[in-house]
$ cat run36.cif   # mmCIF, C-alpha atoms (C1' of nucleotides)
data_protein
#
loop_
_atom_site.label_atom_id
_atom_site.label_comp_id
_atom_site.auth_asym_id
_atom_site.auth_seq_id
_atom_site.Cartn_x
_atom_site.Cartn_y
_atom_site.Cartn_z
CA MET A 164 237.68 -69.62 134.32
CA THR A 165 236.27 -71.33 137.35
CA ILE A 166 233.37 -73.70 137.88
CA GLY A 167 231.38 -73.79 141.10
CA TYR A 168 228.14 -74.80 142.77
CA ALA A 169 225.40 -73.39 144.95
CA CYS A 170 224.76 -73.46 148.69
CA LEU A 171 224.72 -77.11 149.71
CA THR A 172 227.01 -80.12 149.52
CA VAL A 173 226.64 -83.84 148.98
CA GLY A 174 228.82 -86.22 150.97
CA VAL A 175 230.65 -83.58 153.02
CA HIS A 176 230.74 -84.10 156.77
CA ASP A 177 229.44 -81.48 159.20
CA ALA A 178 228.27 -79.20 156.41
CA THR A 179 224.54 -78.91 156.98
CA PHE A 180 222.64 -75.69 157.58
CA ARG A 181 220.13 -75.44 160.37
CA THR A 182 217.21 -73.14 160.94
CA CYS A 183 214.06 -72.99 163.04
CA ARG A 184 210.47 -71.92 162.68
CA LYS A 185 209.68 -68.30 163.31
CA ASP A 186 207.59 -68.93 166.42
CA ARG A 187 210.56 -70.69 168.08
CA ALA A 188 213.20 -68.13 167.17
CA THR A 189 214.73 -66.87 170.41
CA THR A 190 218.03 -65.02 170.47
CA GLU A 191 219.64 -68.04 172.16
CA THR A 192 218.38 -70.41 169.48
CA LEU A 193 219.38 -68.07 166.68
CA ALA A 194 222.88 -67.57 168.08
CA ARG A 195 223.34 -71.33 168.38
CA LEU A 196 222.15 -71.86 164.80
CA ILE A 197 224.40 -69.13 163.41
CA LYS A 198 227.42 -70.54 165.19
CA SER A 199 226.66 -73.99 163.80
CA ASN A 200 226.06 -72.66 160.28
CA LEU A 201 229.32 -70.69 160.22
CA ALA A 202 231.16 -73.84 161.31
CA SER A 203 229.48 -75.71 158.44
CA LEU A 204 230.48 -72.98 156.01
CA ASN A 205 234.05 -73.30 157.20
CA ASN A 206 233.94 -77.06 156.56
CA ILE A 207 232.57 -76.44 153.07
CA PHE A 208 235.39 -73.97 152.39
CA ASP A 209 237.91 -76.62 153.47
CA TYR A 210 236.29 -79.15 151.16
CA ASN A 211 236.28 -76.65 148.27
CA ILE A 212 239.94 -75.84 148.85
CA LYS A 213 240.84 -79.52 148.85
CA GLN A 214 238.94 -80.03 145.61
CA ASN A 215 240.20 -76.80 144.03
CA ILE A 216 236.69 -75.43 143.66
CA GLU A 217 237.04 -71.65 143.66
CA LEU A 218 233.44 -70.59 143.05
CA PHE A 219 230.68 -71.02 145.62
CA ARG A 220 227.29 -69.51 146.44
CA ILE A 221 226.51 -69.05 150.12
CA SER A 222 222.98 -69.96 151.17
CA SER A 223 220.79 -67.03 152.23
CA ASP A 224 219.85 -69.18 155.22
CA ILE A 225 223.37 -68.89 156.66
CA ILE A 226 221.91 -66.38 159.14
CA PRO A 227 218.39 -67.61 159.95
CA PHE A 228 215.89 -64.75 159.54
CA GLY A 229 218.84 -62.56 158.56
CA SER A 230 216.60 -59.76 157.34
CA HIS A 231 213.58 -60.39 159.55
CA PRO A 232 212.77 -58.46 162.75
CA VAL A 233 212.45 -61.76 164.63
CA ASN A 234 216.26 -61.84 164.52
CA PRO A 235 217.59 -58.76 166.37
CA LEU A 236 221.10 -60.16 166.84
CA ARG A 237 224.12 -58.12 165.86
CA TRP A 238 225.61 -61.27 164.37
CA TRP A 239 228.36 -59.37 162.53
CA ASP A 240 229.68 -58.29 165.96
CA LEU A 241 228.91 -61.48 167.86
CA PHE A 242 230.70 -63.68 165.33
CA ARG A 243 233.33 -61.24 164.13
CA ASP A 244 236.20 -63.68 164.70
CA GLU A 245 234.54 -66.49 162.74
CA LEU A 246 233.49 -64.18 159.91
CA THR A 247 236.92 -62.59 159.64
CA ALA A 248 238.57 -66.00 159.52
CA LEU A 249 236.17 -67.15 156.79
CA GLY A 250 236.96 -64.04 154.76
CA GLU A 251 240.70 -64.51 155.17
CA LYS A 252 240.40 -68.11 154.03
CA THR A 253 238.39 -66.99 151.00
CA ARG A 254 241.06 -64.52 149.94
CA ARG A 255 244.01 -66.78 150.73
CA HIS A 256 242.62 -69.49 148.49
CA ASN A 257 241.41 -67.19 145.75
CA MET A 258 237.80 -68.25 146.18
CA ARG A 259 234.95 -66.20 144.76
CA LEU A 260 231.67 -66.14 146.68
CA SER A 261 228.17 -65.03 145.88
CA MET A 262 224.69 -64.97 147.36
CA HIS A 263 221.28 -65.18 145.73
CA PRO A 264 218.12 -63.91 147.46
CA GLY A 265 215.11 -66.01 146.59
CA GLN A 266 211.92 -65.38 144.67
CA TYR A 267 210.35 -63.46 147.55
CA THR A 268 212.80 -60.60 147.34
CA VAL A 269 211.07 -58.33 144.84
CA LEU A 270 212.65 -54.94 144.29
CA ASN A 271 210.17 -53.82 141.62
CA SER A 272 206.91 -54.48 143.45
CA PRO A 273 204.23 -51.74 143.29
CA ARG A 274 203.78 -52.31 147.01
CA GLU A 275 206.00 -50.00 149.04
CA ASP A 276 206.23 -52.45 151.98
CA VAL A 277 207.42 -55.24 149.67
CA VAL A 278 210.09 -52.97 148.18
CA GLN A 279 211.16 -51.95 151.68
CA ARG A 280 211.62 -55.58 152.72
CA ALA A 281 213.51 -56.30 149.51
CA LYS A 282 215.89 -53.46 150.34
CA GLU A 283 216.37 -54.82 153.84
CA ASP A 284 217.04 -58.28 152.44
CA LEU A 285 219.64 -56.94 150.01
CA ALA A 286 221.21 -55.01 152.88
CA TYR A 287 221.45 -58.26 154.87
CA HIS A 288 223.15 -60.12 152.03
CA THR A 289 225.54 -57.21 151.50
CA GLN A 290 226.32 -57.07 155.18
CA PHE A 291 227.22 -60.75 155.19
CA LEU A 292 229.73 -60.44 152.35
CA ASP A 293 231.02 -57.18 153.86
CA ALA A 294 231.50 -58.95 157.20
CA LEU A 295 233.82 -61.38 155.44
CA GLY A 296 235.81 -58.39 154.21
CA LEU A 297 235.37 -59.30 150.55
CA ASP A 298 235.56 -56.88 147.64
CA ARG A 299 232.84 -56.21 145.08
CA ARG A 300 233.79 -59.10 142.81
CA HIS A 301 231.81 -61.21 145.29
CA LYS A 302 228.29 -60.70 143.98
CA ILE A 303 224.65 -60.79 144.99
CA VAL A 304 222.40 -62.18 142.25
CA LEU A 305 218.86 -60.89 141.88
CA HIS A 306 215.95 -61.46 139.52
CA ILE A 307 214.00 -58.48 138.24
CA GLY A 308 210.69 -59.45 139.90
CA GLY A 309 207.08 -59.34 138.77
CA ALA A 310 205.43 -57.86 135.67
CA TYR A 311 202.08 -56.77 137.18
CA GLY A 312 200.51 -56.66 133.74
CA ASP A 313 202.83 -53.91 132.47
CA LYS A 314 206.35 -55.11 131.83
CA SER A 315 207.89 -51.79 130.79
CA ALA A 316 206.48 -50.03 133.86
CA ALA A 317 207.83 -52.91 135.96
CA ILE A 318 211.26 -52.43 134.39
CA GLU A 319 211.17 -48.69 135.04
CA ARG A 320 210.25 -49.34 138.66
CA PHE A 321 213.15 -51.78 139.00
CA ILE A 322 215.61 -49.21 137.69
CA LYS A 323 214.21 -46.46 139.90
CA ASN A 324 214.37 -48.62 143.03
CA TYR A 325 217.83 -49.88 142.10
CA HIS A 326 219.12 -46.31 142.03
CA GLU A 327 217.78 -45.74 145.54
CA LEU A 328 219.97 -48.51 146.96
CA ASP A 329 223.11 -47.73 148.95
CA ASP A 330 226.31 -47.76 146.93
CA ASN A 331 227.72 -50.78 148.79
CA ILE A 332 224.65 -52.78 147.76
CA LYS A 333 224.73 -51.55 144.17
CA ASP A 334 228.42 -52.49 143.95
CA ARG A 335 227.53 -56.12 144.61
CA LEU A 336 224.26 -56.43 142.73
CA VAL A 337 224.02 -58.34 139.47
CA ILE A 338 220.84 -59.34 137.63
CA GLU A 339 219.78 -62.57 135.97
CA ASN A 340 217.22 -63.62 133.36
CA ASP A 341 214.37 -65.67 134.84
CA ASP A 342 212.30 -68.60 133.58
CA LYS A 343 208.93 -66.86 133.33
CA ILE A 344 208.89 -63.10 132.81
CA PHE A 345 212.13 -61.22 132.18
CA ASN A 346 214.12 -62.89 129.41
CA ILE A 347 217.80 -62.25 128.68
CA HIS A 348 216.95 -59.47 126.23
CA ASP A 349 214.92 -57.63 128.90
CA VAL A 350 217.66 -58.07 131.48
CA LEU A 351 220.39 -56.89 129.11
CA LEU A 352 218.37 -53.74 128.41
CA ILE A 353 218.07 -53.10 132.14
CA GLY A 354 221.73 -53.92 132.69
CA SER A 355 223.02 -51.53 130.06
CA GLU A 356 220.55 -48.81 131.03
CA ALA A 357 221.35 -48.91 134.77
CA ASP A 358 224.94 -50.16 134.47
CA ILE A 359 224.36 -53.50 136.21
CA PRO A 360 226.31 -56.65 135.28
CA VAL A 361 224.11 -59.38 133.78
CA ILE A 362 224.24 -63.09 134.51
CA TYR A 363 223.10 -65.26 131.63
CA ASP A 364 221.23 -68.40 132.73
CA ASN A 365 221.09 -70.98 129.96
CA LEU A 366 218.12 -73.02 131.23
CA HIS A 367 216.02 -69.94 131.96
CA ASN A 368 216.77 -68.82 128.42
CA GLN A 369 215.78 -72.22 127.06
CA VAL A 370 212.48 -72.03 128.94
CA ASN A 371 211.88 -68.31 128.47
CA PRO A 372 213.75 -67.28 125.30
CA TYR A 373 213.85 -63.94 123.51
CA ASP A 374 214.78 -65.41 120.14
CA ASP A 375 216.72 -68.41 118.84
CA ARG A 376 220.18 -67.01 119.51
CA ALA A 377 222.69 -69.53 120.90
CA ASP A 378 224.13 -69.53 124.43
CA ALA A 379 227.53 -68.29 123.26
CA GLN A 380 226.00 -65.23 121.60
CA TRP A 381 224.11 -64.23 124.74
CA ILE A 382 227.22 -64.79 126.83
CA GLU A 383 229.09 -62.48 124.47
CA GLU A 384 226.32 -59.88 124.83
CA ALA A 385 226.27 -60.18 128.62
CA SER A 386 230.07 -59.84 128.77
CA LYS A 387 229.69 -56.17 127.79
CA THR A 388 227.92 -55.43 131.08
CA TRP A 389 230.86 -56.61 133.20
CA ARG A 390 233.59 -54.15 134.26
CA THR A 391 237.04 -55.06 135.55
CA LYS A 392 236.12 -54.05 139.10
CA ASP A 393 233.21 -56.54 139.04
CA GLY A 394 235.53 -59.47 138.40
CA ARG A 395 235.14 -62.13 135.75
CA GLN A 396 231.81 -62.43 133.99
CA LYS A 397 229.54 -65.00 135.61
CA VAL A 398 226.99 -67.30 134.00
CA HIS A 399 224.60 -69.87 135.41
CA TYR A 400 224.48 -73.29 133.82
CA SER A 401 221.93 -76.04 134.39
CA GLN A 402 220.17 -78.81 132.53
CA GLN A 403 216.51 -79.75 132.38
CA HIS A 404 215.46 -82.69 134.55
CA PRO A 405 214.20 -85.33 132.09
CA ASP A 406 210.99 -86.20 133.98
CA LYS A 407 210.20 -83.16 136.07
CA LYS A 408 208.43 -80.03 134.94
CA THR A 409 209.98 -77.43 132.70
CA GLY A 410 212.79 -75.52 134.37
CA SER A 411 213.55 -78.14 137.04
CA HIS A 412 217.24 -78.77 137.51
CA SER A 413 218.70 -82.14 136.63
CA GLU A 414 220.03 -84.58 139.20
CA THR A 415 223.55 -84.41 137.80
CA ILE A 416 225.32 -82.71 134.89
CA ASP A 417 225.51 -84.61 131.63
CA LEU A 418 229.08 -84.04 130.47
CA GLY A 419 228.37 -84.30 126.76
CA ALA A 420 225.90 -81.42 126.80
CA PHE A 421 228.07 -79.45 129.22
CA LEU A 422 231.16 -79.72 127.01
CA THR A 423 229.16 -78.60 123.96
CA PHE A 424 228.07 -75.54 125.93
CA TYR A 425 231.54 -74.93 127.32
CA ASN A 426 233.39 -75.30 124.04
CA ALA A 427 231.12 -72.82 122.27
CA PHE A 428 232.86 -69.79 123.81
CA PRO A 429 236.57 -70.70 123.88
CA ASN A 430 237.66 -67.06 123.87
CA THR A 431 235.38 -65.70 126.59
CA ASP A 432 236.65 -66.04 130.14
CA VAL A 433 233.70 -66.72 132.42
CA ASP A 434 232.93 -68.20 135.82
CA ILE A 435 230.28 -70.91 135.59
CA MET A 436 227.88 -71.46 138.48
CA LEU A 437 226.23 -74.86 138.19
CA GLU A 438 222.69 -75.31 139.44
CA VAL A 439 222.19 -79.01 139.87
CA LYS A 440 220.92 -81.33 142.55
CA ASP A 441 224.16 -83.20 143.14
CA LYS A 442 225.91 -79.87 143.78
CA ASN A 443 229.66 -80.25 144.45
CA LEU A 444 229.73 -83.66 142.78
CA SER A 445 228.87 -82.13 139.41
CA ALA A 446 231.29 -79.26 140.05
CA VAL A 447 234.18 -81.68 140.42
CA LYS A 448 232.92 -83.61 137.42
CA CYS A 449 232.83 -80.53 135.18
CA ILE A 450 236.19 -79.26 136.45
CA ASN A 451 237.73 -82.64 135.67
CA ALA A 452 236.23 -82.57 132.19
CA ALA A 453 237.07 -78.97 131.37
CA GLU A 454 240.40 -78.32 133.06
CA ARG A 455 242.21 -81.54 133.94
CA HIS A 456 243.96 -84.18 131.89
CA HIS A 457 245.52 -86.68 134.25
CA ILE A 458 244.23 -90.08 135.28
CA LYS A 459 245.02 -89.36 138.93
CA TYR A 460 241.99 -87.07 139.12
CA LEU A 461 239.73 -89.89 138.00
CA GLU A 462 241.39 -92.25 140.46
CA GLN A 463 240.68 -89.76 143.26
CA GLU A 464 237.06 -89.65 142.16
CA TRP A 465 236.86 -93.39 141.93
CA ALA A 466 238.02 -93.71 145.54
CA LYS A 467 234.93 -91.74 146.57
CA TYR A 468 232.41 -93.33 144.24
CA LYS A 469 233.42 -96.99 144.19
CA TYR A 470 231.31 -98.44 147.01
CA LEU A 471 228.30 -96.42 145.95
CA VAL A 472 228.70 -97.68 142.37
CA LEU A 473 229.18 -101.23 143.64
CA GLU A 474 225.91 -100.94 145.53
CA HIS A 475 224.00 -99.85 142.43
CA SER A 476 225.74 -101.81 139.71
CA PRO A 477 228.55 -104.38 140.07
CA GLN A 478 228.71 -104.47 136.26
CA ASN A 479 229.59 -100.79 136.00
CA TYR A 480 231.96 -101.20 138.93
CA GLN A 481 233.92 -103.73 136.90
CA SER A 482 233.74 -101.64 133.72
CA ILE A 483 235.17 -98.62 135.52
CA ARG A 484 237.99 -100.67 137.02
CA ASN A 485 238.92 -101.77 133.51
CA LEU A 486 238.58 -98.25 132.17
CA LEU A 487 241.10 -96.90 134.67
CA LYS A 488 243.81 -99.48 133.89
CA ASP A 489 245.44 -97.42 131.13
CA LYS A 490 247.40 -94.83 133.10
CA ALA A 491 248.24 -92.78 130.01
CA ALA A 492 244.62 -92.24 129.00
CA TYR A 493 242.07 -89.77 130.34
CA PRO A 494 238.61 -91.23 129.58
CA VAL A 495 236.75 -88.60 131.58
CA VAL A 496 233.45 -88.66 129.69
CA ALA A 497 233.17 -92.46 129.64
CA PHE A 498 234.14 -92.61 133.33
CA TYR A 499 231.33 -90.33 134.47
CA GLN A 500 228.87 -91.87 132.03
CA LEU A 501 229.39 -95.23 133.75
CA ILE A 502 229.02 -93.61 137.18
CA ASP A 503 225.87 -91.70 136.21
CA GLU A 504 224.35 -94.79 134.66
CA ALA A 505 225.09 -96.84 137.77
CA LEU A 506 223.59 -94.25 140.11
CA GLN A 507 220.41 -94.15 138.04
CA THR A 508 220.01 -97.89 138.52
CA VAL A 509 217.82 -98.92 141.44
CA PRO A 510 220.03 -101.18 143.57
CA GLU A 511 219.05 -104.80 144.04
CA ILE A 512 218.88 -106.14 147.57
CA GLY A 513 221.79 -108.50 146.92
CA HIS A 514 223.96 -105.64 145.67
CA ILE A 515 223.14 -103.50 148.69
CA ILE A 516 224.24 -106.30 150.98
CA ASN A 517 227.31 -107.03 148.90
CA ALA A 518 228.49 -103.42 149.06
CA GLY A 519 227.73 -103.30 152.77
CA GLN A 520 229.85 -106.38 153.34
CA HIS A 521 232.73 -104.89 151.33
CA VAL A 522 232.74 -101.93 153.70
CA TRP A 523 232.23 -104.21 156.70
CA GLY A 524 235.46 -105.93 155.66
CA TYR A 525 237.38 -102.96 157.11
CA PHE A 526 236.10 -103.74 160.63
CA LYS A 527 235.10 -107.36 160.89
CA LYS A 528 238.39 -108.45 162.45
CA SER A 529 238.73 -105.63 164.94
CA CYS A 530 235.16 -105.17 166.13
CA ASP A 531 233.52 -106.72 169.20
CA ALA A 532 230.89 -109.45 169.18
CA GLN A 533 228.03 -107.10 169.92
CA THR A 534 228.80 -104.86 166.94
CA LYS A 535 229.04 -107.90 164.72
CA LYS A 536 225.64 -109.06 165.90
CA ARG A 537 224.09 -105.66 165.30
CA PHE A 538 225.59 -105.47 161.81
CA GLU A 539 224.16 -108.87 160.93
CA LYS A 540 220.79 -107.72 162.17
CA THR A 541 220.83 -104.70 159.86
CA VAL A 542 221.81 -106.94 156.95
CA GLU A 543 218.82 -109.15 157.69
CA ARG A 544 216.60 -106.10 157.59
CA VAL A 545 217.88 -105.30 154.11
CA ARG A 546 217.37 -108.90 153.05
CA ALA A 547 213.77 -108.72 154.25
CA GLY A 548 213.21 -105.79 151.91
CA GLY A 549 213.83 -103.05 154.49
CA THR A 550 215.83 -99.87 154.15
CA ALA A 551 219.63 -99.86 153.99
CA LEU A 552 219.97 -96.77 156.17
CA PRO A 553 220.49 -98.52 159.55
CA MET A 554 223.22 -100.69 158.00
CA LYS A 555 224.94 -97.65 156.55
CA LYS A 556 224.62 -95.72 159.78
CA LEU A 557 226.27 -98.56 161.67
CA LEU A 558 229.08 -98.80 159.09
CA LEU A 559 229.62 -95.04 159.26
CA LYS A 560 229.88 -95.20 163.04
CA GLU A 561 232.49 -97.92 162.77
CA ALA A 562 234.40 -95.92 160.16
CA GLN A 563 234.41 -92.97 162.53
CA ARG A 564 235.44 -95.08 165.51
CA ASN A 565 238.37 -96.49 163.52
CA ASN A 566 239.06 -93.17 161.81
CA GLU A 567 239.13 -94.81 158.38
CA ILE A 568 239.69 -91.68 156.32
CA TYR A 569 239.31 -93.54 153.04
CA LEU A 570 235.83 -94.67 154.03
CA LEU A 571 234.83 -91.42 155.68
CA ASP A 572 235.43 -89.65 152.36
CA SER A 573 233.33 -92.21 150.50
CA LEU A 574 230.09 -91.17 148.86
CA TYR A 575 228.72 -94.50 150.01
CA PHE A 576 227.75 -92.59 153.15
CA LYS A 577 226.27 -89.54 151.43
CA ASP A 578 222.72 -90.26 152.64
CA VAL A 579 223.59 -90.95 156.28
CA ILE A 580 226.04 -88.18 157.18
"C1'" DC B 241 215.40 -95.29 168.23
"C1'" DG B 242 214.18 -95.04 163.49
"C1'" DT B 243 211.11 -93.24 160.32
"C1'" DG B 244 207.30 -91.31 157.69
"C1'" DG B 245 204.29 -87.33 157.31
"C1'" DT B 246 203.58 -82.43 157.58
"C1'" DC B 247 204.77 -77.71 157.92
"C1'" DA B 248 207.49 -73.46 157.12
"C1'" DA B 249 209.33 -66.38 155.85
"C1'" DG B 250 209.00 -64.44 151.93
"C1'" DG B 251 205.53 -62.50 146.83
"C1'" DG B 252 203.55 -63.22 142.38
"C1'" DC B 253 201.06 -65.65 139.00
"C1'" DC B 254 197.58 -68.59 137.13
"C1'" DG B 255 193.30 -71.09 136.60
"C1'" DC C 102 190.65 -67.44 146.15
"C1'" DG C 103 193.48 -71.43 146.52
"C1'" DG C 104 197.29 -73.85 144.75
"C1'" DC C 105 201.82 -73.68 143.20
"C1'" DC C 106 206.60 -72.35 142.83
"C1'" DC C 107 211.31 -74.44 145.57
"C1'" DT C 108 213.63 -77.05 149.45
"C1'" DT C 109 215.43 -79.15 153.29
"C1'" DG C 110 215.36 -79.07 158.07
"C1'" DA C 111 212.45 -79.14 162.20
"C1'" DC C 112 209.17 -81.30 164.58
"C1'" DC C 113 205.78 -84.67 165.86
"C1'" DA C 114 203.47 -89.03 166.06
"C1'" DC C 115 203.85 -93.66 165.74
"C1'" DG C 116 205.73 -98.54 165.79
#
$ encode --input "run36.cif" --output "structure tokens"
Amino acid sequence: MTIGYACLTVGVHDATFRTCRKDRATTETLARLIKSNLASLNNIFDYNIKQNIELFRISSDIIPFGSHPVNPLRWWDLFRDELTALGEKTRRHNMRLSMHPGQYTVLNSPREDVVQRAKEDLAYHTQFLDALGLDRRHKIVLHIGGAYGDKSAAIERFIKNYHELDDNIKDRLVIENDDKIFNIHDVLLIGSEADIPVIYDNLHNQVNPYDDRADAQWIEEASKTWRTKDGRQKVHYSQQHPDKKTGSHSETIDLGAFLTFYNAFPNTDVDIMLEVKDKNLSAVKCINAAERHHIKYLEQEWAKYKYLVLEHSPQNYQSIRNLLKDKAAYPVVAFYQLIDEALQTVPEIGHIINAGQHVWGYFKKSCDAQTKKRFEKTVERVRAGGTALPMKKLLLKEAQRNNEIYLLDSLYFKDVI
DNA sequence: CGTGGTCAAGGGCCG
DNA sequence: CGGCCCTTGACCACG
């Protein structure tokens, strides 16, 4: 079993993905963006390896306009060295990758041109994973598409168009239930009919259910569509955002609900892809809750969270310090509950300044007078009700100048890196 | 220089 | 037919 996350990271340095607007896409610009994005992907891999996260979804934007004629680059040749190295790293560290074309890739459209573009888009995604030299356990996840007023005709069209795909695409393709049209029952029918592995998505099923069957039962059903050559069964897990509209992903994973979900299928070995706004942070959280039982993992987490928690809630900061005193215990749920609660709290101006001054303590002896003056100016801005970003940017710069690894890894800087 | 506002490839659905 | 889905990065205008 592995737990992973999708596409983007929080608090990881040099791990952003760049793109451009179509009207500005020259080959020079595109090549520069691809090079930068592959470097970011490499940094994300390094982070994942360090955190023992073995499941990751690569953003479709990794190659800007990867399946659009505006991008004529033979990127798989131009960046062969980088791609090969990324693939070797993936295999060496037993990572499993996937990709997930968006809602605009519609294989079952009645419009021939739309189907054609969908095929080209699937070919692009396949080519990317092929360029890394990865086997077919590394999947491409697709939704079924539209209904067009006749669901069974739409399903037939999906199956027909699926069979027209090249074998190397079909080997990677898996299908997922969606939140509006094709529920898990529909997708399982398609999967067993056309021999396509099925990903069960719990939130989509909650929003667009077939009947009242529990998650574990659908996971058991979906497991029958996975063959050995496809690798471990995969599922998607997410939670409803409390305030946003139905189907919106939560900010972070609530461990209580996650563990209830997780413990409901103790005998089924699955890979769980989390879909959640705080990305890698929830992946580490869930891995710590599901797989680990030593206080050192919570201490490692605390090193990253502490200044951010201090900024939001000095009370919770103290509570967590007390919680971690017993080195024989493993209070993982309580630990993250205190962190989540703190991060939901809007920070007071005094707490923002206090946390900033804690971090400033690393530099105040060694820095020059001008830096000190500038820091004090940013603090005054916060005190006057202004944003904390300039203060944090200055502190980050100082951390980089002094190469303070402990601080550079801190989530305190997650919004300014 | 920092920041706040607006736009962006793609297709389908709904009111 | 227009708005919405879903998002963050790019870009521009402004102080």
$ closest_residue --input "run36.cif" --among "A:Arg237, A:Arg300, A:Lys556, A:Lys333" --to "DG242 in chain B" --atoms "all atoms listed in the file"
A:Lys556
$ interface_residues --input "run36.cif" --of "chain C" --to "chain A" --cutoff "9 Å" --atoms "all atoms listed in the file" --output "ChimeraX atom specification"
/C:106,110-111
$ interface_residues --input "run36.cif" --of "chain A" --to "chain B" --cutoff "8 Å" --atoms "all atoms listed in the file" --output "ChimeraX atom specification"
/A:184-185,228,266-269,309
$ write_last_selection --input "run36.cif" --atoms "C-alpha atoms" --output "PDB file, in the frame of the given file"
ATOM      1  CA  ARG A 184     210.470 -71.920 162.680  1.00  0.00           C
ATOM      2  CA  LYS A 185     209.680 -68.300 163.310  1.00  0.00           C
ATOM      3  CA  PHE A 228     215.890 -64.750 159.540  1.00  0.00           C
ATOM      4  CA  GLN A 266     211.920 -65.380 144.670  1.00  0.00           C
ATOM      5  CA  TYR A 267     210.350 -63.460 147.550  1.00  0.00           C
ATOM      6  CA  THR A 268     212.800 -60.600 147.340  1.00  0.00           C
ATOM      7  CA  VAL A 269     211.070 -58.330 144.840  1.00  0.00           C
ATOM      8  CA  GLY A 309     207.080 -59.340 138.770  1.00  0.00           C
TER       9      GLY A 309
END
$ residues_around --input "run36.cif" --residues "Ile318 in chain A" --least-positions-apart "4" --cutoff "10 Å" --atoms "only C-alpha atoms (C1' of nucleotides)" --output "list in words"
Asn271, Ile307, Gly308, Gly309, Ala310, Asp313, Lys314, Ile322, Lys323, Asn324, Phe345, Asp349, Val350, Leu352 and Ile353 of chain A
$ resolve_selection --input "run36.cif" --expression "the PyMOL selection byres ((chain A and resi 167) around 9)" --output "PyMOL selection string"
chain A and resi 165-166+168-169+216-220+434-438+442-443+445-447+450
$ residues_near_point --input "run36.cif" --point "(233.9, -73.7, 158.6)" --cutoff "12 Å" --atoms "only C-alpha atoms (C1' of nucleotides)" --output "number ranges by chain"
A: 175-180, 197-212, 225, 244-253
$ atom_distance --input "run36.cif" --atom1 "CA of Lys555 in chain A" --atom2 "CA of His475 in chain A"
14.3 Å
$ resolve_selection --input "run36.cif" --expression "the PyMOL selection byres ((chain A and resi 508-514) around 12)" --output "ChimeraX atom specification"
/A:470-480,501-507,515-521,542-551
$ write_last_selection --input "run36.cif" --atoms "C-alpha atoms" --output "PDB file, in the coordinates of the input"
ATOM      1  CA  TYR A 470     231.310 -98.440 147.010  1.00  0.00           C
ATOM      2  CA  LEU A 471     228.300 -96.420 145.950  1.00  0.00           C
ATOM      3  CA  VAL A 472     228.700 -97.680 142.370  1.00  0.00           C
ATOM      4  CA  LEU A 473     229.180-101.230 143.640  1.00  0.00           C
ATOM      5  CA  GLU A 474     225.910-100.940 145.530  1.00  0.00           C
ATOM      6  CA  HIS A 475     224.000 -99.850 142.430  1.00  0.00           C
ATOM      7  CA  SER A 476     225.740-101.810 139.710  1.00  0.00           C
ATOM      8  CA  PRO A 477     228.550-104.380 140.070  1.00  0.00           C
ATOM      9  CA  GLN A 478     228.710-104.470 136.260  1.00  0.00           C
ATOM     10  CA  ASN A 479     229.590-100.790 136.000  1.00  0.00           C
ATOM     11  CA  TYR A 480     231.960-101.200 138.930  1.00  0.00           C
ATOM     12  CA  LEU A 501     229.390 -95.230 133.750  1.00  0.00           C
ATOM     13  CA  ILE A 502     229.020 -93.610 137.180  1.00  0.00           C
ATOM     14  CA  ASP A 503     225.870 -91.700 136.210  1.00  0.00           C
ATOM     15  CA  GLU A 504     224.350 -94.790 134.660  1.00  0.00           C
ATOM     16  CA  ALA A 505     225.090 -96.840 137.770  1.00  0.00           C
ATOM     17  CA  LEU A 506     223.590 -94.250 140.110  1.00  0.00           C
ATOM     18  CA  GLN A 507     220.410 -94.150 138.040  1.00  0.00           C
ATOM     19  CA  ILE A 515     223.140-103.500 148.690  1.00  0.00           C
ATOM     20  CA  ILE A 516     224.240-106.300 150.980  1.00  0.00           C
ATOM     21  CA  ASN A 517     227.310-107.030 148.900  1.00  0.00           C
ATOM     22  CA  ALA A 518     228.490-103.420 149.060  1.00  0.00           C
ATOM     23  CA  GLY A 519     227.730-103.300 152.770  1.00  0.00           C
ATOM     24  CA  GLN A 520     229.850-106.380 153.340  1.00  0.00           C
ATOM     25  CA  HIS A 521     232.730-104.890 151.330  1.00  0.00           C
ATOM     26  CA  VAL A 542     221.810-106.940 156.950  1.00  0.00           C
ATOM     27  CA  GLU A 543     218.820-109.150 157.690  1.00  0.00           C
ATOM     28  CA  ARG A 544     216.600-106.100 157.590  1.00  0.00           C
ATOM     29  CA  VAL A 545     217.880-105.300 154.110  1.00  0.00           C
ATOM     30  CA  ARG A 546     217.370-108.900 153.050  1.00  0.00           C
ATOM     31  CA  ALA A 547     213.770-108.720 154.250  1.00  0.00           C
ATOM     32  CA  GLY A 548     213.210-105.790 151.910  1.00  0.00           C
ATOM     33  CA  GLY A 549     213.830-103.050 154.490  1.00  0.00           C
ATOM     34  CA  THR A 550     215.830 -99.870 154.150  1.00  0.00           C
ATOM     35  CA  ALA A 551     219.630 -99.860 153.990  1.00  0.00           C
TER      36      ALA A 551
END
$ residues_around --input "run36.cif" --residues "range 390-396 of chain A" --least-positions-apart "5" --cutoff "8 Å" --atoms "only C-alpha atoms (C1' of nucleotides)" --output "PyMOL selection string"
chain A and resi 299-301+334-335+360+362+432-434
$ atom_distance --input "run36.cif" --atom1 "CA of Glu283 in chain A" --atom2 "CA of Pro232 in chain A"
10.3 Å
$ atom_distance --input "run36.cif" --atom1 "CA of Asn368 in chain A" --atom2 "CA of Ser401 in chain A"
10.7 Å
$ resolve_selection --input "run36.cif" --expression "the PyMOL selection byres ((chain A and resi 372) around 10)" --output "list in words"
Asn340, Asp341, Asp342, Lys343, Ile344, Phe345, Asn346, Ile347, His348, Asn365, Leu366, His367, Asn368, Gln369, Val370, Asn371, Tyr373, Asp374, Asp375 and Arg376 of chain A
